[in-house]
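**Student:** Sharing a structure, written as structure tokens. Questions coming.
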Amino acid sequence: MSESPETVNQDSIIEIEQKGSTTEINNKGSNVSTESGQNEQKISRVDNDTSASGNDSARNSIDKSATKWGIHEDLKHLQEEDIILAATLVIDAKEGRNFTFKTDPTYVRSYNLYHKFYLRYLLYFMILFNLALALFERPAKPGWEIPAWASMLLELVCLSFFIYRFTHCAYFSQRSVFWRDTKNILILVVIVLTFIDMLCFLIWDNVKTSSRPIRWSRPLRPLFLINFPDGKQIRRAFRNIRRTVPEIMNVLVLFLLSVLLFGLLALKLFSRRDLVYANGKPYFKNYLDSIWDLYVLVTTANSPDVMMPAYDRSNWFAVFFVMYIVICWLIFMSIVLAAIYYSYRKNLKNEIKAAVYGKRKKLGQAFDILKVQTGGRVVVTYTVWCELMKRVIPDRSRSHIDLLIRVLDIDGSNMIRKQQFLKLADLLELQLSEVKDRLTFLEHTFPGIYNSYISGLLKRVVRHKAFRYFFDFMIFVNAWFIGFDVDEADWFFLGIFMLEIVLKLYTFGPREFFKVFWNVFDFIVIGAAVIASAIEAIEDSTYEEFQLLDYLLVLRVLRLFKIFGSIKRFKVILQTIINIGPSIITYGGVIVVFYYIFAIIGMEVFQNLIHYYDYYNETSQPFCGNAKLNGTQFYTFHYCNNNFNDLLHSLVLLVELTVVNHGSLLASGFVSVTSKVARLYFFCFHMCCVIIVLNIFIAFILEAFILEYTIQKVGKLESYVEQKIRDLGLGLGQTGPRPRQLSTANDGSELVPNEELANVDQPDSDSDTESIPDLSTEKGLRFHLKKKSRKKVEVLLQQMFEGEIDPEDEGPENETEIYVDKGPRRLTLDTVA
């Protein structure tokens with residue numbers, strides 16, 4: 001079909017509604033049956049600046065051709081399977097998936113089934129359930145332990161589902177790629193080892209009933225969380241750690257050699273001087289103890305205790321310890337952090353590159369399936385676009401689909417070139433709402449009341465700055481009353497804050513209200529405080545019986561941070577904390593994985609060696625139930641509750657070791673009841689979780705803060721899609737097209753000055769009233785463009801990287817080339833700074 005040479009006005013939106021014709025296309029494209037009827041077209045215009053007759057003519061031609069010949073000419077080169085495959089690739093690009101699957105229709109259907117949300121969430125549940133079994137396996141809290149056969153039966157259920165997911169993934173994946181993937185090999189190895197462990201446990205438990213069999217495969221359970229494709233975020237964090245460790249190994253080796261050298265010097269300096277610690281223990285009498293004491297000094301846990309015996313003998317010995325602290329703690333630990341940060345930044349950039357190139361490759365493959373050549377151009381036509389979007393966003397209207405192509409269509413021809421098609425994933429990420437989507441519950445149910453004059457006046461009051469200022473002042477007054485323990489005013493402040501929440505819910509609606517973090521915080525804290533106060537009043541509970549209200553009152557004081565968020569000096573810091581929240585959860589998951597592994601190992605090695613008993617009860621067992629702790633600081637400081645007798649106590653103990661303070665004292669208790677070999681466990685934990693993982697987490701915080709600070713100071717980071725939407729005036733809160741100060745031909749992301757937009761984008765405030773847009777005045781389809789401060793760190797970095805590369809660059813053929821160092825480049829100030 002020949003395309004109309006006329007162009008479509010960029011300021012009109014056209015909806016076409018077809019009735020009375022049904023077209024059935026056979027999957028192989030051989031049999032086509034058409035039921036003809038009368039075509040009725042209803043064209044509704046949103047903007048009427050100019051005529052769109054060319055567009056109407058083109059669509060009328062499409063409809064007539066489809067009715068007359070049964071299949072549109074633009075679809076002749078495609079089968080139904082091709083459309084489904086292209087839609088699958090587009091969804092992969094949008095979701096950030098990186099699977100290499102077989103493209104036959106059967107395998108594509110299996111691939112789509114694999115990604116059904118219910119199977120994914122069932123996998124998450126099974127992984128968490130499998131990890132939670134350690135709560136009920138020996139050793140466990142009293143009353144929680146279940147028989148070994150019961151826990152193994154439940155674990156078999158989890159393993160059965162893991163095997164199903166593994167074989168399902170192997171079924172649709174290309175065999176050569178699947179078996180070269182390390183994570184798939186690890187999943188299979190862990191499953192096999194778990195079955196072997198179960199068999200060994202059963203044999204051991206039945207042959208030697210007097211001994212305690214060990215489930216040595218339990219520390220491997222977190223590997224399911226890391227290696228299944230559904231856990232891509234936590235797997236990416238572990239991949240970053242795996243690539244960082246080899247690069248900082250030279251620094252760690254030098255650090256450990258320095259500790260060994262200073263340990264040797266300390267042995268020669270102090271071993272023959274008959275010095276002892278304050279508790280009577282020998283002072284640097286052998287080499288291993290010297291190494292351990294100096295390594296602990298790097299953590300500052302035994303400072304200045306380790307120095308005092310020598311310092312008391314001669315003040316000149318302080319020179320040795322000062323030199324050691326400066327070299328091994330101040331310099332080497334700082335270099336370790338710097339090396340980790342540098343390596344993290346490089347690996348993060350490579351991850352961002354891989355994500356961007358992976359997304360573009362998927363979209364490029366989809367474009368190659370759908371493309372046709374017309375007028376000397378390779379494009380995706382309007383008809384093909386509609387068929388594709390029906391499968392990518394099946395619940396959206398035709399007007400929604402038309403608006404999406406309008407953003408990507410650069411010349412009004414209703415066709416998309418490859419350069420614009422590669423922006424499709426970014427476009428689909430943006431929320432696009434219709435009028436009915438933006439109606440609040442009350443506006444939809446009681447439009448007359450909600451849109452009345454009095455209601456409008458009330459909503460304007462709630463949106464006014466004075467409303468926020470008044471309740472911010474009430475927060476300060478409430479904090480003052482709590483600080484001076486004036487309980488009589490509790491119900492007054494609870495009533496005031498409940499009124500605030502009700503007015504906001506009425507004005508903004510539940511959907512927009514709960515999108516703001518501080519609104520959710522207020523709702524939970526104030527709602528719980530009201531319920532707790534009511535229960536306390538009804539039951540007339542005493543202070544000892546009911547203390548929940550006190551905790552909730554303290555949480556109410558945290559609402560002061562909401563005020564700090566509106567102060568410019570604090571805004572970058574608080575916004576950084578909010579933006580890195582999802583990533584904090586990811587790295588928190590990484591730390592939990594390490595904690596779980598070390599907790600299980602600690603439970604197997606140290607279980608039931610230390611018990612907690614009442615220290616002041618004469619009938620209870622002394623010395624934490626172990627006479628070897630008699631006279632130790634571990635018992636003197638009442639640390640008996642820090643043990644490995646169950647999973648919860650083990651995790652708490654590992655958190656205390658992460659803080660490092662008195663970590664050596666905690667370790668000394670377990671050394672006393674076992675041997676000095678136990679120090680290896682605590683050394684490995686400190687090296688893995690504190691020096692490596694926590695420093696990588698600190699590197700992430702540094703990078704997030706620097707990025708957030710840069711964006712806040714320089715300007716607004718916009719992608720090509722966001723620029724085009726603003727230029728067309730289709731953003732939520734825009735009163736019209738943006739003046740074309742910036743060229744939309746640039747397909748990269750760039751920093752642009754903050755333009756003045758109506759209602760929504762004028763303030764970049766995190767206030768719980770100003771940050772919620774007024775949607776009641778918006779008409780038609782509108783895009784919800786996030787502010788620069790509301791984007792995830794990864795999204796910002798991807799947009800920045802896309803601005804550095806060619807618009808159609810899909811990256812190297814081999815993904816591993818992304819991570820290869822290209823060699824030294826010309827040194828510039830920008831590359832250094």
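Identifiers in the structure tokens: chain A, B, ... in order shown; residue index from 1 per chain; ligand index from 1 in order shown.
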Taking the backbone alone, and naming residues the way the document does, which bits of range 638-677 of chain A are alpha helix (DSSP H) by DSSP, as a ChimeraX atom specification?

**Tutor:** /A:647-659,663-673

**Student:** Please provide as a PyMOL selection string all residues within 8 Å of range 372-378 of chain A, with the sequence filter that same-chain residues fewer than 5 positions apart are discarded (counting only C-alpha atoms).

**Tutor:** chain A and resi 74+417-418
